[in-house]
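A quick write-up on the structure given underneath.
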Amino acid sequence: MGNRCTLALQIEHNRSARGLQGVIFTRDDRAGGGKLSSRLGLVTDAVEAADDFDFYAYLVDRLSQGGRCDYVIADEAQFLAPAQIDQLARVVDDLELDVFTFGITTDFRSKLFPGSQRLVELADRVEVLQVEALCWCGARATHNARTVGGAMVVEGAQVVVGDVHRGGDEAGYEVLCRRHHRRRMTAATARAATLSPDVLPIPAG
């Protein structure tokens, strides 16, 4: 996720450096409301898009009041409602603005987020970021796992804001390969299994 947010910030930087002005929207960013952040420590102001937020109405109002907007960036798009994705598509078609959206496709149960599904249905172009994310075993990580105390959980609300490397009883997230996601084996549970006396070799003696 950090690379995704970094790319969003890079797009913003490249376009603003050319004199263009954009509007950044986000939802439930780890840095708090009205912020877009990356794991590299980069943070910029953004407009928080709540459940009832109307992207099209917001931008029409901005433009009608003399405000400028040359492009739109929407991060954490998986958290948006399908109707909000429709609004972004209308921004492209009716306001003729470029809209760049960033997000993940599936939740911790490997189910599509409704917002992500609608994006795939409507987007002019979908690009999978080739991020070198690895499972604890070294295989390519393809699935997001929600963890509590290092153990994978498979029930609960679809959206719980958390970060990687959370400890204790806080909700966190870990990327896994499909095999270990299916087996519900996180780095912590794999380490615990390795250290268990039941699986340690018995010295000959």
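In the structure tokens, each chain is lettered A, B, ... as it comes, each chain's residues begin at 1, and ligands are numbered from 1 in order of appearance.
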Identify, on the basis of only C-alpha atoms, every residue whose closest approach to Leu97 (chain A) does not exceed 6 Å; exclude the query and any residue fewer than 2 positions from it along the same chain; express the result as a PDB file with N, CA and C atoms, in the first residue's frame.
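Below you can see part.pdb, which holds the result:
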```pdb
ATOM      1  N   TYR A  71      -6.996  18.129 -12.691  1.00  0.00           N
ATOM      2  CA  TYR A  71      -7.017  16.665 -12.575  1.00  0.00           C
ATOM      3  C   TYR A  71      -7.476  16.310 -11.173  1.00  0.00           C
ATOM      4  N   VAL A  92     -15.074  12.507 -15.286  1.00  0.00           N
ATOM      5  CA  VAL A  92     -14.276  12.283 -16.497  1.00  0.00           C
ATOM      6  C   VAL A  92     -15.082  12.637 -17.742  1.00  0.00           C
ATOM      7  N   LEU A  95     -17.089  16.639 -17.091  1.00  0.00           N
ATOM      8  CA  LEU A  95     -16.197  17.758 -16.792  1.00  0.00           C
ATOM      9  C   LEU A  95     -14.876  17.648 -17.540  1.00  0.00           C
TER      10      LEU A  95
END
```
DSSP alpha helix (DSSP H) residues within region 19-157 of chain A, listed as a PyMOL selection string: chain A and resi 55-64+82-95+114-122
Contacts between region 44-50 of chain A and region 59-169 of chain A, please, where a residue of region 59-169 of chain A counts if it comes within 10 Å (with only C-alpha atoms); show its shortest atom pair and distance in Å to one decimal, rows by chain and ascending number, as JSON lines.
```
{"residue": "A:Ile73", "atom": "CA", "partner": "A:Ala46", "partner_atom": "CA", "distance": 9.4}
{"residue": "A:Ala74", "atom": "CA", "partner": "A:Ala49", "partner_atom": "CA", "distance": 9.0}
{"residue": "A:Asp75", "atom": "CA", "partner": "A:Ala46", "partner_atom": "CA", "distance": 9.5}
{"residue": "A:Glu76", "atom": "CA", "partner": "A:Ala49", "partner_atom": "CA", "distance": 9.9}
{"residue": "A:Ala77", "atom": "CA", "partner": "A:Ala49", "partner_atom": "CA", "distance": 9.7}
{"residue": "A:Phe79", "atom": "CA", "partner": "A:Ala50", "partner_atom": "CA", "distance": 9.4}
{"residue": "A:Leu80", "atom": "CA", "partner": "A:Ala49", "partner_atom": "CA", "distance": 8.0}
{"residue": "A:Ala81", "atom": "CA", "partner": "A:Ala50", "partner_atom": "CA", "distance": 9.6}
{"residue": "A:Gln84", "atom": "CA", "partner": "A:Ala49", "partner_atom": "CA", "distance": 9.3}
```
Minimum-distance residue to Glu121 (chain A), chosen among A:Ala8, A:Leu63, A:Val99, A:Ala89 (using only C-alpha atoms):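 Closest to Glu121 (chain A), using only C-alpha atoms: A:Ala89.
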Contacts between region 144-154 of chain A and region 42-125 of chain A, please, where a residue of region 42-125 of chain A counts if it comes within 7 Å (with only C-alpha atoms); show its shortest atom pair and distance in Å to one decimal, rows by chain and ascending number, as JSON lines.
```
{"residue": "A:Asp107", "atom": "CA", "partner": "A:Asn144", "partner_atom": "CA", "distance": 6.5}
{"residue": "A:Phe108", "atom": "CA", "partner": "A:Ala145", "partner_atom": "CA", "distance": 4.7}
{"residue": "A:Arg109", "atom": "CA", "partner": "A:Val154", "partner_atom": "CA", "distance": 6.1}
```
Can you work out the spacing between CA of Cys137 (chain A) and CA of Glu174 (chain A) in Å, to one decimal?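 Between CA of Cys137 (chain A) and CA of Glu174 (chain A) the gap works out to 12.4 Å.
Here CA of Cys69 (chain A) and CA of Glu12 (chain A) stand 12.2 Å from one another.
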Skipping near chain neighbours, those fewer than 5 positions away, what residues fall within 9 Å of Ala83 (chain A) using only C-alpha atoms, listed as a VMD selection string? chain A and resid 54 88 115 118
Please produce an output containing N, CA and C atoms for each residue in the selection, written as an mmCIF file, in the first residue's frame.
```
data_model
loop_
_atom_site.group_PDB
_atom_site.id
_atom_site.type_symbol
_atom_site.label_atom_id
_atom_site.label_comp_id
_atom_site.auth_asym_id
_atom_site.auth_seq_id
_atom_site.Cartn_x
_atom_site.Cartn_y
_atom_site.Cartn_z
ATOM 1 N N ASP A 54 -20.240 13.775 -2.345
ATOM 2 C CA ASP A 54 -20.562 13.743 -3.775
ATOM 3 C C ASP A 54 -19.418 14.396 -4.537
ATOM 4 N N LEU A 88 -17.284 9.778 -10.046
ATOM 5 C CA LEU A 88 -15.957 10.022 -10.610
ATOM 6 C C LEU A 88 -15.946 9.780 -12.120
ATOM 7 N N GLY A 115 -16.475 -0.793 -3.946
ATOM 8 C CA GLY A 115 -15.901 0.317 -4.700
ATOM 9 C C GLY A 115 -14.910 -0.153 -5.745
ATOM 10 N N ARG A 118 -16.727 -1.728 -8.737
ATOM 11 C CA ARG A 118 -17.308 -0.728 -9.643
ATOM 12 C C ARG A 118 -16.223 -0.039 -10.451
#
```
Tell me, as number ranges by chain, which residues lie within 10 Å of Met185 (chain A), counting only C-alpha atoms; anything in the same chain fewer than 3 positions away does not count. A: 136, 145, 150-152, 176-177, 179-182, 188-191, 193
Of the listed residues A:Gly156, A:Gly138, A:Pro114, A:Gly103, that which approaches Cys5 (chain A) most closely, counting only C-alpha atoms: A:Gly103
Please give the complete set of residues from region 74-181 of chain A that DSSP, run on the backbone, assigns to strand (DSSP E), formatted as a CSV table (one decimal) with N, CA, C and O atoms, in the first residue's frame.
```csv
chain,number,residue,atom,x,y,z
A,74,ALA,N,-7.8,10.2,-6.4
A,74,ALA,CA,-8.7,9.6,-5.4
A,74,ALA,C,-7.9,8.4,-4.8
A,74,ALA,O,-7.8,7.4,-5.5
A,98,ASP,N,-9.1,14.5,-16.0
A,98,ASP,CA,-8.4,13.2,-15.7
A,98,ASP,C,-8.6,12.8,-14.3
A,98,ASP,O,-8.4,13.6,-13.4
A,99,VAL,N,-9.0,11.6,-14.0
A,99,VAL,CA,-9.2,11.1,-12.7
A,99,VAL,C,-8.3,9.9,-12.5
A,99,VAL,O,-8.4,8.9,-13.2
A,100,PHE,N,-7.4,9.9,-11.5
A,100,PHE,CA,-6.5,8.8,-11.1
A,100,PHE,C,-7.0,8.3,-9.8
A,100,PHE,O,-7.0,9.0,-8.8
A,101,THR,N,-7.4,7.0,-9.8
A,101,THR,CA,-7.8,6.4,-8.5
A,101,THR,C,-6.8,5.3,-8.1
A,101,THR,O,-6.2,4.6,-9.0
A,143,HIS,N,-2.3,-11.5,-1.3
A,143,HIS,CA,-3.6,-11.4,-0.5
A,143,HIS,C,-3.3,-10.6,0.7
A,143,HIS,O,-2.2,-10.6,1.3
A,144,ASN,N,-4.3,-9.8,1.2
A,144,ASN,CA,-4.2,-9.1,2.4
A,144,ASN,C,-4.9,-9.9,3.5
A,144,ASN,O,-6.0,-10.4,3.4
A,145,ALA,N,-4.2,-9.9,4.6
A,145,ALA,CA,-4.7,-10.6,5.8
A,145,ALA,C,-4.9,-9.6,7.0
A,145,ALA,O,-4.0,-8.8,7.2
A,146,ARG,N,-6.0,-9.7,7.6
A,146,ARG,CA,-6.2,-8.9,8.9
A,146,ARG,C,-5.7,-9.8,10.0
A,146,ARG,O,-6.0,-11.0,10.1
A,147,THR,N,-5.0,-9.1,10.9
A,147,THR,CA,-4.4,-9.9,12.1
A,147,THR,C,-4.8,-9.2,13.4
A,147,THR,O,-5.0,-7.9,13.4
A,148,VAL,N,-4.9,-10.0,14.4
A,148,VAL,CA,-5.0,-9.4,15.8
A,148,VAL,C,-4.1,-10.2,16.6
A,148,VAL,O,-4.1,-11.5,16.7
A,151,ALA,N,-2.2,-13.1,14.8
A,151,ALA,CA,-3.0,-14.2,14.2
A,151,ALA,C,-4.0,-13.7,13.2
A,151,ALA,O,-4.6,-12.6,13.4
A,152,MET,N,-4.2,-14.4,12.1
A,152,MET,CA,-5.1,-14.0,11.1
A,152,MET,C,-6.5,-14.2,11.5
A,152,MET,O,-6.9,-15.2,12.2
A,153,VAL,N,-7.4,-13.2,11.2
A,153,VAL,CA,-8.8,-13.3,11.5
A,153,VAL,C,-9.6,-13.2,10.2
A,153,VAL,O,-9.1,-12.6,9.2
A,163,ASP,N,-2.8,-0.7,10.4
A,163,ASP,CA,-1.6,-0.5,9.7
A,163,ASP,C,-0.8,-1.8,9.8
A,163,ASP,O,-1.2,-2.7,10.6
A,164,VAL,N,0.3,-2.0,9.0
A,164,VAL,CA,1.1,-3.2,9.2
A,164,VAL,C,1.9,-3.1,10.5
A,164,VAL,O,2.1,-2.0,11.0
A,171,ALA,N,-6.0,-4.3,15.5
A,171,ALA,CA,-6.1,-4.8,14.2
A,171,ALA,C,-4.9,-4.3,13.3
A,171,ALA,O,-4.6,-3.2,13.4
A,172,GLY,N,-4.3,-5.3,12.6
A,172,GLY,CA,-3.3,-4.9,11.7
A,172,GLY,C,-3.4,-5.7,10.4
A,172,GLY,O,-4.4,-6.4,10.2
A,173,TYR,N,-2.5,-5.5,9.5
A,173,TYR,CA,-2.6,-6.2,8.2
A,173,TYR,C,-1.3,-6.7,7.8
A,173,TYR,O,-0.2,-6.2,8.1
A,174,GLU,N,-1.3,-7.8,7.1
A,174,GLU,CA,-0.1,-8.5,6.6
A,174,GLU,C,-0.4,-9.0,5.2
A,174,GLU,O,-1.5,-9.6,5.0
A,175,VAL,N,0.6,-8.9,4.3
A,175,VAL,CA,0.4,-9.5,3.0
A,175,VAL,C,1.0,-10.9,3.0
A,175,VAL,O,2.0,-11.1,3.5
A,176,LEU,N,0.2,-11.8,2.3
A,176,LEU,CA,0.6,-13.2,2.3
A,176,LEU,C,0.4,-13.7,0.9
A,176,LEU,O,-0.3,-13.2,0.1
```
Name the closest residue to Asp51 (chain A) among the candidates A:Leu122, A:Arg18, A:Val72, A:Ile85; distances are taken between atoms, counting only C-alpha atoms.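 Of A:Leu122, A:Arg18, A:Val72, A:Ile85, the one nearest Asp51 (chain A), counting only C-alpha atoms, is A:Ile85.
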